[in-house]
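To be precise, the following lines are my_file34.cif, and they hold mmCIF, C-alpha atoms.
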```cif
data_structure
#
loop_
_atom_site.label_atom_id
_atom_site.label_comp_id
_atom_site.auth_asym_id
_atom_site.auth_seq_id
_atom_site.Cartn_x
_atom_site.Cartn_y
_atom_site.Cartn_z
CA MET A 21 23.81 26.54 -11.70
CA LYS A 22 21.59 23.48 -11.72
CA SER A 23 21.40 23.44 -7.93
CA ILE A 24 20.34 27.09 -7.89
CA ILE A 25 17.55 26.35 -10.32
CA ILE A 26 16.47 23.39 -8.21
CA ALA A 27 16.60 25.47 -5.05
CA LEU A 28 14.51 28.18 -6.72
CA LEU A 29 12.08 25.57 -7.99
CA ALA A 30 11.78 24.04 -4.53
CA PHE A 31 11.35 27.50 -3.02
CA SER A 32 8.62 28.47 -5.48
CA LEU A 33 6.84 25.15 -4.90
CA PHE A 34 6.81 25.80 -1.17
CA GLN A 35 5.13 29.17 -1.65
CA GLY A 36 1.73 27.56 -2.12
CA ASP A 37 0.19 30.01 -4.54
CA GLY A 38 -2.97 27.90 -4.60
CA LYS A 39 -2.13 26.41 -7.98
CA LEU A 40 -1.60 22.73 -8.39
CA LYS A 41 1.60 21.60 -10.08
CA ILE A 42 1.83 18.26 -11.81
CA VAL A 43 5.24 16.61 -11.57
CA SER A 44 6.89 13.39 -12.74
CA PHE A 45 8.85 11.30 -10.25
CA ASP A 46 12.14 12.64 -11.60
CA GLU A 47 10.94 16.19 -10.97
CA PHE A 48 9.72 15.22 -7.51
CA GLU A 49 13.09 13.66 -6.73
CA GLU A 50 14.79 16.95 -7.61
CA ILE A 51 12.51 18.75 -5.16
CA ILE A 52 13.25 16.39 -2.26
CA GLU A 53 16.96 16.28 -3.01
CA ALA A 54 17.31 20.08 -3.02
CA PRO A 55 19.39 21.30 -0.07
CA SER A 56 17.53 22.82 2.88
CA ASP A 57 18.42 24.07 6.35
CA GLY A 58 15.21 22.99 8.00
CA ILE A 59 12.99 19.96 8.44
CA ARG A 60 10.76 19.18 5.48
CA VAL A 61 7.62 17.05 5.48
CA TYR A 62 6.13 15.41 2.39
CA ASN A 63 2.72 13.86 3.00
CA PHE A 64 1.49 11.40 0.34
CA TRP A 65 -2.29 11.39 -0.04
CA ALA A 66 -5.19 11.24 -2.50
CA THR A 67 -8.68 12.72 -2.59
CA TRP A 68 -10.18 9.20 -2.47
CA CYS A 69 -8.20 8.19 0.64
CA ALA A 70 -10.32 8.73 3.79
CA PRO A 71 -7.53 8.31 6.40
CA CYS A 72 -5.37 10.74 4.37
CA ILE A 73 -8.05 13.42 4.44
CA LYS A 74 -8.53 12.89 8.15
CA GLU A 75 -4.88 13.57 8.98
CA MET A 76 -4.36 16.57 6.66
CA PRO A 77 -5.50 19.23 9.17
CA HIS A 78 -2.99 17.85 11.71
CA PHE A 79 -0.23 18.29 9.16
CA GLN A 80 -1.23 21.89 8.39
CA LYS A 81 -1.53 22.80 12.06
CA VAL A 82 1.62 21.07 13.32
CA SER A 83 3.84 22.24 10.46
CA LYS A 84 2.87 25.83 11.19
CA ALA A 85 3.34 25.48 14.94
CA GLU A 86 6.67 23.68 14.62
CA GLY A 87 7.97 25.84 11.79
CA VAL A 88 8.64 23.05 9.31
CA GLU A 89 8.07 23.07 5.57
CA LEU A 90 5.12 20.93 4.49
CA MET A 91 4.15 19.72 1.04
CA PHE A 92 1.12 17.59 0.22
CA VAL A 93 1.93 15.13 -2.55
CA SER A 94 -1.24 13.99 -4.27
CA LEU A 95 -1.29 10.59 -5.97
CA ASP A 96 -4.61 11.27 -7.67
CA ASP A 97 -5.24 10.60 -11.33
CA GLY A 98 -3.08 13.09 -13.25
CA ARG A 99 -5.66 13.26 -16.01
CA LYS A 100 -8.15 14.82 -13.59
CA PRO A 101 -6.28 17.54 -11.69
CA ASP A 102 -9.51 19.53 -11.20
CA ARG A 103 -10.55 16.99 -8.55
CA VAL A 104 -7.51 17.92 -6.49
CA GLU A 105 -7.92 21.63 -7.16
CA SER A 106 -11.54 21.72 -6.02
CA PHE A 107 -10.61 19.65 -2.97
CA MET A 108 -7.89 22.17 -2.07
CA GLU A 109 -10.35 24.99 -2.40
CA LYS A 110 -13.14 23.32 -0.46
CA ARG A 111 -10.88 22.15 2.39
CA LYS A 112 -8.90 25.39 2.47
CA ILE A 113 -5.53 23.72 1.92
CA SER A 114 -3.04 26.57 2.23
CA SER A 115 0.10 24.41 2.12
CA PRO A 116 1.71 23.69 -1.25
CA VAL A 117 0.36 20.72 -3.17
CA VAL A 118 1.89 18.83 -6.08
CA LEU A 119 0.29 16.03 -8.03
CA LEU A 120 2.86 13.28 -8.57
CA ASP A 121 1.73 11.78 -11.84
CA ASP A 122 3.84 8.68 -12.40
CA ILE A 123 2.00 5.37 -12.34
CA ASP A 124 4.90 3.01 -12.95
CA TYR A 125 4.90 2.73 -9.17
CA ASN A 126 7.36 -0.08 -8.68
CA ARG A 127 10.00 2.04 -10.40
CA TRP A 128 9.98 4.79 -7.78
CA ILE A 129 8.28 3.86 -4.48
CA GLY A 130 11.46 2.23 -3.19
CA LYS A 131 13.45 5.34 -4.16
CA VAL A 132 11.39 7.41 -1.73
CA SER A 133 11.96 4.90 1.08
CA ASP A 134 12.68 1.20 1.47
CA ASP A 135 10.16 1.26 4.31
CA TRP A 136 7.26 2.23 2.05
CA SER A 137 5.04 -0.57 0.73
CA GLY A 138 2.99 1.88 -1.32
CA ALA A 139 0.04 2.15 1.07
CA ILE A 140 -1.20 5.69 1.73
CA PRO A 141 -1.29 7.81 3.80
CA ALA A 142 2.48 7.86 4.13
CA THR A 143 4.90 10.63 5.05
CA LEU A 144 8.52 11.36 4.22
CA PHE A 145 10.44 13.53 6.68
CA ILE A 146 13.81 15.02 5.77
CA ASP A 147 15.79 16.41 8.68
CA ALA A 148 18.13 19.41 8.59
CA GLU A 149 21.07 17.13 7.76
CA GLY A 150 19.22 15.79 4.74
CA LYS A 151 18.57 12.38 6.30
CA ARG A 152 15.28 10.71 5.38
CA HIS A 153 12.77 9.25 7.85
CA PHE A 154 9.57 7.54 6.84
CA HIS A 155 6.19 6.75 8.34
CA GLU A 156 3.58 4.60 6.63
CA GLY A 157 0.01 4.95 7.90
CA GLU A 158 -2.18 7.58 9.49
CA MET A 159 -0.75 9.89 12.16
CA SER A 160 -2.50 11.67 15.01
CA GLU A 161 -1.59 15.26 15.84
CA GLN A 162 0.46 14.09 18.82
CA GLU A 163 2.29 11.38 16.85
CA LEU A 164 3.21 13.93 14.23
CA LYS A 165 4.45 16.42 16.84
CA ASP A 166 6.53 13.75 18.53
CA PHE A 167 7.99 12.57 15.22
CA ILE A 168 9.04 16.11 14.25
CA ASN A 169 10.46 16.88 17.69
CA LYS A 170 12.67 13.80 17.49
CA LEU A 171 14.16 15.18 14.27
CA LYS A 172 15.01 18.56 15.79
CA MET B 5 18.69 -13.04 40.55
CA ARG B 6 20.63 -14.23 37.56
CA ASN B 7 17.72 -16.44 36.55
CA MET B 8 15.35 -13.54 36.84
CA ARG B 9 17.51 -11.53 34.49
CA LEU B 10 17.60 -14.38 32.01
CA VAL B 11 13.82 -14.72 32.13
CA PHE B 12 13.46 -10.99 31.65
CA ALA B 13 15.81 -11.04 28.66
CA MET B 14 13.87 -13.92 27.14
CA VAL B 15 10.54 -12.16 27.62
CA LEU B 16 11.99 -9.09 25.96
CA ALA B 17 13.35 -11.13 23.07
CA PHE B 18 9.96 -12.78 22.57
CA ALA B 19 8.18 -9.45 22.70
CA PHE B 20 10.49 -8.10 20.00
CA THR B 21 10.19 -11.08 17.68
CA GLY B 22 6.44 -10.90 18.10
CA ALA B 23 6.35 -7.25 17.11
CA PHE B 24 8.60 -7.78 14.11
CA ALA B 25 6.73 -10.85 12.93
CA GLN B 26 3.49 -8.92 12.95
CA LYS B 27 4.90 -5.99 11.06
CA SER B 28 6.80 -7.84 8.37
CA GLY B 29 4.63 -10.89 7.61
CA TYR B 30 5.66 -13.31 4.90
CA LYS B 31 8.54 -12.90 2.51
CA VAL B 32 9.09 -14.72 -0.75
CA GLY B 33 10.22 -18.26 0.16
CA ASP B 34 8.20 -18.44 3.40
CA LYS B 35 5.49 -21.03 4.03
CA ALA B 36 2.03 -19.48 4.12
CA MET B 37 -0.77 -20.57 6.45
CA ASP B 38 -4.06 -21.91 5.17
CA PHE B 39 -7.33 -20.29 6.25
CA GLU B 40 -10.97 -21.05 6.68
CA LEU B 41 -12.93 -17.96 5.70
CA LYS B 42 -16.52 -17.31 4.71
CA ASN B 43 -17.14 -16.81 1.02
CA VAL B 44 -19.83 -14.50 -0.36
CA ASP B 45 -21.97 -17.59 -1.07
CA GLY B 46 -22.02 -18.45 2.65
CA GLU B 47 -19.67 -21.45 2.34
CA MET B 48 -16.35 -21.66 4.17
CA VAL B 49 -13.29 -21.69 1.89
CA SER B 50 -9.86 -23.17 2.60
CA MET B 51 -6.98 -23.71 0.24
CA SER B 52 -6.87 -27.35 1.39
CA ASP B 53 -10.32 -27.83 -0.22
CA HIS B 54 -8.72 -27.36 -3.64
CA GLU B 55 -6.98 -30.69 -4.03
CA ASP B 56 -6.36 -30.21 -7.75
CA ALA B 57 -4.76 -26.78 -7.42
CA GLU B 58 -1.03 -26.31 -7.97
CA GLY B 59 -1.16 -23.11 -6.01
CA PHE B 60 -3.18 -19.92 -5.49
CA LEU B 61 -3.34 -16.25 -6.32
CA VAL B 62 -4.36 -14.88 -2.94
CA ILE B 63 -5.34 -11.24 -3.45
CA PHE B 64 -6.02 -8.91 -0.53
CA SER B 65 -8.90 -6.86 -1.86
CA CYS B 66 -11.98 -4.92 -0.80
CA ASN B 67 -15.05 -3.14 -2.18
CA THR B 68 -14.08 0.46 -1.65
CA CYS B 69 -10.56 1.08 -2.96
CA PRO B 70 -10.39 2.77 -6.38
CA TYR B 71 -7.28 0.75 -7.25
CA VAL B 72 -9.16 -2.47 -6.55
CA VAL B 73 -12.04 -1.27 -8.70
CA ALA B 74 -9.56 -0.53 -11.49
CA TYR B 75 -8.20 -4.07 -11.22
CA GLU B 76 -11.41 -6.10 -10.74
CA ASP B 77 -11.76 -7.01 -14.42
CA ARG B 78 -8.10 -8.02 -14.51
CA MET B 79 -8.62 -10.16 -11.39
CA ILE B 80 -11.46 -11.93 -13.22
CA GLU B 81 -9.20 -12.44 -16.27
CA LEU B 82 -6.40 -13.81 -14.11
CA HIS B 83 -8.78 -16.35 -12.60
CA GLU B 84 -10.19 -17.35 -15.96
CA LYS B 85 -6.73 -17.75 -17.42
CA TYR B 86 -5.00 -19.49 -14.52
CA ALA B 87 -7.64 -21.46 -12.59
CA PRO B 88 -7.73 -24.08 -15.40
CA LYS B 89 -3.94 -24.26 -15.15
CA GLY B 90 -4.07 -24.89 -11.41
CA TYR B 91 -3.80 -21.36 -9.97
CA PRO B 92 -7.23 -20.03 -8.98
CA VAL B 93 -7.73 -16.54 -7.52
CA ILE B 94 -8.98 -16.24 -3.94
CA ALA B 95 -9.78 -12.65 -3.00
CA ILE B 96 -9.72 -11.79 0.71
CA ASN B 97 -11.30 -8.65 2.17
CA PRO B 98 -9.40 -7.84 5.39
CA ASN B 99 -10.93 -4.43 6.16
CA ASP B 100 -12.65 -3.77 9.46
CA GLU B 101 -16.24 -2.89 8.68
CA ALA B 102 -16.49 -0.51 11.63
CA LEU B 103 -13.72 1.62 10.07
CA SER B 104 -14.87 1.04 6.49
CA PRO B 105 -18.62 0.34 6.37
CA GLY B 106 -18.48 -0.15 2.60
CA ASP B 107 -16.42 -3.28 3.19
CA SER B 108 -19.01 -5.24 5.20
CA TYR B 109 -19.82 -8.84 4.31
CA GLU B 110 -23.18 -7.77 2.84
CA LYS B 111 -21.46 -5.19 0.62
CA MET B 112 -19.00 -7.88 -0.48
CA GLN B 113 -21.94 -10.03 -1.56
CA GLU B 114 -23.39 -7.11 -3.51
CA ARG B 115 -20.08 -6.38 -5.24
CA ALA B 116 -19.45 -10.04 -6.10
CA ASN B 117 -22.95 -10.25 -7.50
CA ASP B 118 -22.68 -7.04 -9.55
CA LYS B 119 -19.32 -8.07 -11.02
CA ASN B 120 -20.21 -11.75 -11.24
CA PHE B 121 -16.91 -12.79 -9.67
CA PRO B 122 -15.92 -16.28 -10.85
CA PHE B 123 -13.52 -16.62 -7.88
CA ALA B 124 -14.04 -16.96 -4.14
CA TYR B 125 -14.32 -13.64 -2.32
CA VAL B 126 -13.90 -14.28 1.39
CA TYR B 127 -14.00 -12.16 4.54
CA ASP B 128 -11.07 -12.11 6.98
CA GLU B 129 -13.24 -10.68 9.72
CA SER B 130 -10.82 -11.45 12.59
CA GLN B 131 -7.88 -10.07 10.52
CA GLU B 132 -5.84 -13.12 11.55
CA ILE B 133 -4.89 -13.92 7.97
CA VAL B 134 -3.91 -10.40 6.91
CA ASN B 135 -1.77 -10.12 10.03
CA ALA B 136 -0.06 -13.45 9.32
CA TYR B 137 0.57 -12.60 5.67
CA GLY B 138 1.60 -9.02 6.40
CA ALA B 139 -0.33 -7.35 3.58
CA THR B 140 -0.44 -3.57 3.92
CA ARG B 141 -2.67 -2.41 1.09
CA THR B 142 -5.35 -3.39 -1.39
CA PRO B 143 -4.91 -4.79 -3.94
CA GLU B 144 -1.88 -6.89 -2.98
CA VAL B 145 -1.17 -10.31 -4.48
CA TYR B 146 0.49 -13.32 -2.80
CA LEU B 147 1.28 -16.07 -5.30
CA LEU B 148 1.52 -19.40 -3.48
CA GLN B 149 2.79 -22.71 -4.85
CA LYS B 150 2.00 -26.11 -3.35
CA GLN B 151 5.11 -28.02 -2.41
CA ASP B 152 4.20 -31.33 -0.76
CA ASP B 153 2.02 -30.25 2.17
CA ASP B 154 3.24 -26.67 2.18
CA LEU B 155 2.14 -23.47 0.45
CA VAL B 156 5.26 -21.51 -0.44
CA VAL B 157 5.16 -17.78 -1.21
CA LYS B 158 6.62 -17.16 -4.68
CA TYR B 159 5.62 -13.57 -5.46
CA ILE B 160 4.30 -10.58 -3.46
CA GLY B 161 3.09 -7.34 -4.97
CA ALA B 162 1.12 -5.65 -7.71
CA ILE B 163 -0.78 -7.22 -10.60
CA ASP B 164 0.96 -5.12 -13.26
CA ASN B 165 2.50 -1.69 -13.81
CA ASN B 166 -0.49 0.35 -15.03
CA TYR B 167 -3.61 0.48 -12.88
CA ARG B 168 -5.25 3.04 -15.13
CA ASP B 169 -5.28 1.26 -18.43
CA ALA B 170 -4.89 -2.49 -18.99
CA ASP B 171 -3.94 -1.84 -22.62
CA GLU B 172 -0.98 0.32 -21.60
CA VAL B 173 0.58 -2.28 -19.29
CA THR B 174 4.22 -3.08 -20.07
CA ASP B 175 5.04 -5.38 -17.10
CA ARG B 176 2.55 -8.12 -16.22
CA TYR B 177 4.17 -9.06 -12.92
CA VAL B 178 1.65 -11.68 -11.79
CA GLU B 179 1.22 -13.33 -15.18
CA GLU B 180 4.97 -13.52 -15.63
CA ALA B 181 5.37 -15.06 -12.17
CA VAL B 182 2.66 -17.72 -12.69
CA ASP B 183 3.97 -18.51 -16.19
CA ALA B 184 7.43 -18.99 -14.72
CA LEU B 185 6.06 -21.47 -12.16
CA LEU B 186 4.10 -23.33 -14.85
CA GLU B 187 7.22 -23.57 -17.00
CA ASP B 188 9.46 -24.42 -14.05
CA ARG B 189 11.54 -21.27 -14.49
CA GLN B 190 12.92 -18.82 -11.95
CA ILE B 191 10.58 -15.87 -11.29
CA ALA B 192 12.43 -12.78 -12.53
CA VAL B 193 10.61 -10.17 -10.43
CA ALA B 194 9.37 -11.63 -7.14
CA ASN B 195 8.51 -8.42 -5.28
CA THR B 196 6.87 -5.22 -6.50
CA LYS B 197 5.46 -2.13 -4.82
CA ALA B 198 2.41 -0.12 -5.81
CA ILE B 199 0.28 2.68 -4.45
CA GLY B 200 -2.78 1.20 -2.79
CA CYS B 201 -5.35 1.77 -0.08
CA THR B 202 -4.19 1.08 3.46
CA ILE B 203 -5.81 -1.95 5.02
CA LYS B 204 -8.20 -0.78 7.74
CA PHE B 205 -6.89 -2.56 10.83
CA ARG B 206 -9.15 -2.71 13.87
CA LYS B 207 -7.98 -0.32 16.57
#
```
Rewrite the structure of this file - the entire thing - as structure tokens.
Amino acid sequence: MKSIIIALLAFSLFQGDGKLKIVSFDEFEEIIEAPSDGIRVYNFWATWCAPCIKEMPHFQKVSKAEGVELMFVSLDDGRKPDRVESFMEKRKISSPVVLLDDIDYNRWIGKVSDDWSGAIPATLFIDAEGKRHFHEGEMSEQELKDFINKLK
Amino acid sequence: MRNMRLVFAMVLAFAFTGAFAQKSGYKVGDKAMDFELKNVDGEMVSMSDHEDAEGFLVIFSCNTCPYVVAYEDRMIELHEKYAPKGYPVIAINPNDEALSPGDSYEKMQERANDKNFPFAYVYDESQEIVNAYGATRTPEVYLLQKQDDDLVVKYIGAIDNNYRDADEVTDRYVEEAVDALLEDRQIAVANTKAIGCTIKFRK
């Protein structure tokens, strides 16, 4: 029963209804641990992070072209979600966005990936077998394409 | 022919160690290199200039990162608390000014002036030091302890566990680490991770 709820939750989050959802790390972990048949991409970013903003259009374009599920995970200040909402509107972000509001960072960064120091941008890829792959740092459109194609 | 193969294998091995060394940088227990970097007051700063120091809080920092801004007052407090005990703060800006114009030397001088930094704020313009240390984000702290002629890395990571509000902090990682050194105790938490701004490495 629980897994169905999680799957439904994950499904509804991937619909991208234009509304921002604020989640704790435990809730985020449930999303990424939900079973899936395809490749999923979780891009960690923030409105104040210039290299993050630069790579976001590549993520939108490539995820569409390659048919993978994309979620933007904002690490902005959870007390000011309107900043993220107006950014989404202004930049026409059609992919789903969650705001991960959990600032006890050392408790959870290593749970996403041992390879993550905490610097953003950073991206978690989960392949169809559920195996995690991680990239810290900005990605070009080509790098992103190549990374996804290696997971196929 | 055999020799050629051996040489080739050695070159490969060197290439790989080089790549790994650059990516990983120092770990707790490693010896850290000294530096000679220009402070905001125009003077060159090295750790070897501080003969009285027991060690250093080397903090990779910058002008532009909101996490750094959130921690600036705490960096000042750390210096004021620990410099008299032998552990001064030295803040290093490693960002390439071409990629991040707000992190130029002139902007560093402005920021240091506005905030009245009591510690040295130096510019790693060549990025040699950030590459050697292996810092990935700002702010990131390397606590070093003098042992004979060496500077040994004792802690790497965040200042504490709440960037937003100093009053809500429950784990003071850096203070606990320096206190442990001062009291000759084992450091309980020697590595921490935190969200931070990527260091802008020259392309």
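In chain B, the set of residues within 6 Å of chain A (atoms considered: only C-alpha atoms) is Arg141, Asn165, Thr196, Lys197, Ala198, Ile199, Gly200, Cys201 and Thr202 of chain B.
Applied to this file, the PyMOL selection byres ((chain A and resi 87) around 12) selects Asp57, Gly58, Ile59, Arg60, Val61, Phe79, Gln80, Lys81, Val82, Ser83, Lys84, Ala85, Glu86, Val88, Glu89, Leu90, Lys165, Ile168, Asn169 and Lys172 of chain A.
For the file at hand, the PyMOL selection byres ((chain B and resi 83) around 9) resolves to Leu61, Arg78, Met79, Ile80, Glu81, Leu82, Glu84, Lys85, Tyr86, Ala87, Pro88, Tyr91, Pro92, Val93, Ile94, Pro122 and Phe123 of chain B.
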* Within 9 Å of Leu144 in chain A, counting all atoms listed in the file, which residues show up once you throw out same-chain ones fewer than 2 positions away? Write them as a ChimeraX atom specification, please. => /A:60-64,132-133,142,146,152-156
* Report as a PyMOL selection string the residues that result from applying the PyMOL selection byres ((chain B and resi 107-114) around 10) to the structure here. => chain B and resi 42-46+65-69+97-106+115-121+125-129+204
What box, with edges along x, y and z, holds each listed atom of range 116-134 of chain B when 3 Å is added on every side, and can you state its centre and edge lengths in Å to one decimal, as lines of an AutoDock Vina configuration file?
```
center_x = -13.4
center_y = -12.0
center_z = 0.7
size_x = 25.0
size_y = 15.9
size_z = 29.8
```
* Quote the spacing between CA of Lys35 in chain B and CA of Val156 in chain B in Å to one decimal place. =>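 The value is 4.5 Å.
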* Residue with smallest distance to Phe205 in chain B - pool B:Gly90, B:Glu144, B:Ser130, B:Val178, counting all atoms listed in the file ->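 Once distances to Phe205 in chain B are computed over all atoms listed in the file, the minimum belongs to B:Ser130.
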* Asked: Which value, in Å to one decimal, gives the distance between CA of Met159 in chain A and CA of Asp135 in chain A?
  ->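 Calculated distance between CA of Met159 in chain A and CA of Asp135 in chain A is 16.0 Å.
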* To do: Calculate how many Å separate CA of Tyr75 in chain B from CA of Glu187 in chain B, rounding to one decimal.
  =>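 A separation of 25.5 Å between them.
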Residue completion, range 58-70 of chain A, N, CA and C atoms, as a PDB file, keeping the file's coordinate frame:
```
ATOM      1  N   GLY A  58      16.199  23.393   7.005  1.00  0.00           N
ATOM      2  CA  GLY A  58      15.210  22.990   8.000  1.00  0.00           C
ATOM      3  C   GLY A  58      14.613  21.626   7.723  1.00  0.00           C
ATOM      4  N   ILE A  59      13.698  21.241   8.609  1.00  0.00           N
ATOM      5  CA  ILE A  59      12.990  19.960   8.440  1.00  0.00           C
ATOM      6  C   ILE A  59      11.915  20.139   7.369  1.00  0.00           C
ATOM      7  N   ARG A  60      11.818  19.160   6.503  1.00  0.00           N
ATOM      8  CA  ARG A  60      10.760  19.180   5.480  1.00  0.00           C
ATOM      9  C   ARG A  60       9.879  17.943   5.604  1.00  0.00           C
ATOM     10  N   VAL A  61       8.600  18.131   5.331  1.00  0.00           N
ATOM     11  CA  VAL A  61       7.620  17.050   5.480  1.00  0.00           C
ATOM     12  C   VAL A  61       6.850  16.898   4.174  1.00  0.00           C
ATOM     13  N   TYR A  62       6.860  15.699   3.625  1.00  0.00           N
ATOM     14  CA  TYR A  62       6.130  15.410   2.390  1.00  0.00           C
ATOM     15  C   TYR A  62       5.076  14.354   2.706  1.00  0.00           C
ATOM     16  N   ASN A  63       3.817  14.760   2.649  1.00  0.00           N
ATOM     17  CA  ASN A  63       2.720  13.860   3.000  1.00  0.00           C
ATOM     18  C   ASN A  63       2.045  13.342   1.721  1.00  0.00           C
ATOM     19  N   PHE A  64       2.080  12.024   1.528  1.00  0.00           N
ATOM     20  CA  PHE A  64       1.490  11.400   0.340  1.00  0.00           C
ATOM     21  C   PHE A  64       0.025  11.073   0.616  1.00  0.00           C
ATOM     22  N   TRP A  65      -0.849  11.518  -0.285  1.00  0.00           N
ATOM     23  CA  TRP A  65      -2.290  11.390  -0.040  1.00  0.00           C
ATOM     24  C   TRP A  65      -3.014  11.308  -1.380  1.00  0.00           C
ATOM     25  N   ALA A  66      -4.334  11.153  -1.312  1.00  0.00           N
ATOM     26  CA  ALA A  66      -5.190  11.240  -2.500  1.00  0.00           C
ATOM     27  C   ALA A  66      -6.593  11.622  -2.062  1.00  0.00           C
ATOM     28  N   THR A  67      -7.340  12.243  -2.955  1.00  0.00           N
ATOM     29  CA  THR A  67      -8.680  12.720  -2.590  1.00  0.00           C
ATOM     30  C   THR A  67      -9.619  11.569  -2.230  1.00  0.00           C
ATOM     31  N   TRP A  68      -9.318  10.352  -2.748  1.00  0.00           N
ATOM     32  CA  TRP A  68     -10.180   9.200  -2.470  1.00  0.00           C
ATOM     33  C   TRP A  68      -9.808   8.472  -1.189  1.00  0.00           C
ATOM     34  N   CYS A  69      -8.759   8.925  -0.514  1.00  0.00           N
ATOM     35  CA  CYS A  69      -8.200   8.190   0.640  1.00  0.00           C
ATOM     36  C   CYS A  69      -8.706   8.810   1.944  1.00  0.00           C
ATOM     37  N   ALA A  70      -9.686   8.159   2.595  1.00  0.00           N
ATOM     38  CA  ALA A  70     -10.320   8.730   3.790  1.00  0.00           C
ATOM     39  C   ALA A  70      -9.329   8.982   4.939  1.00  0.00           C
TER      40      ALA A  70
END
```
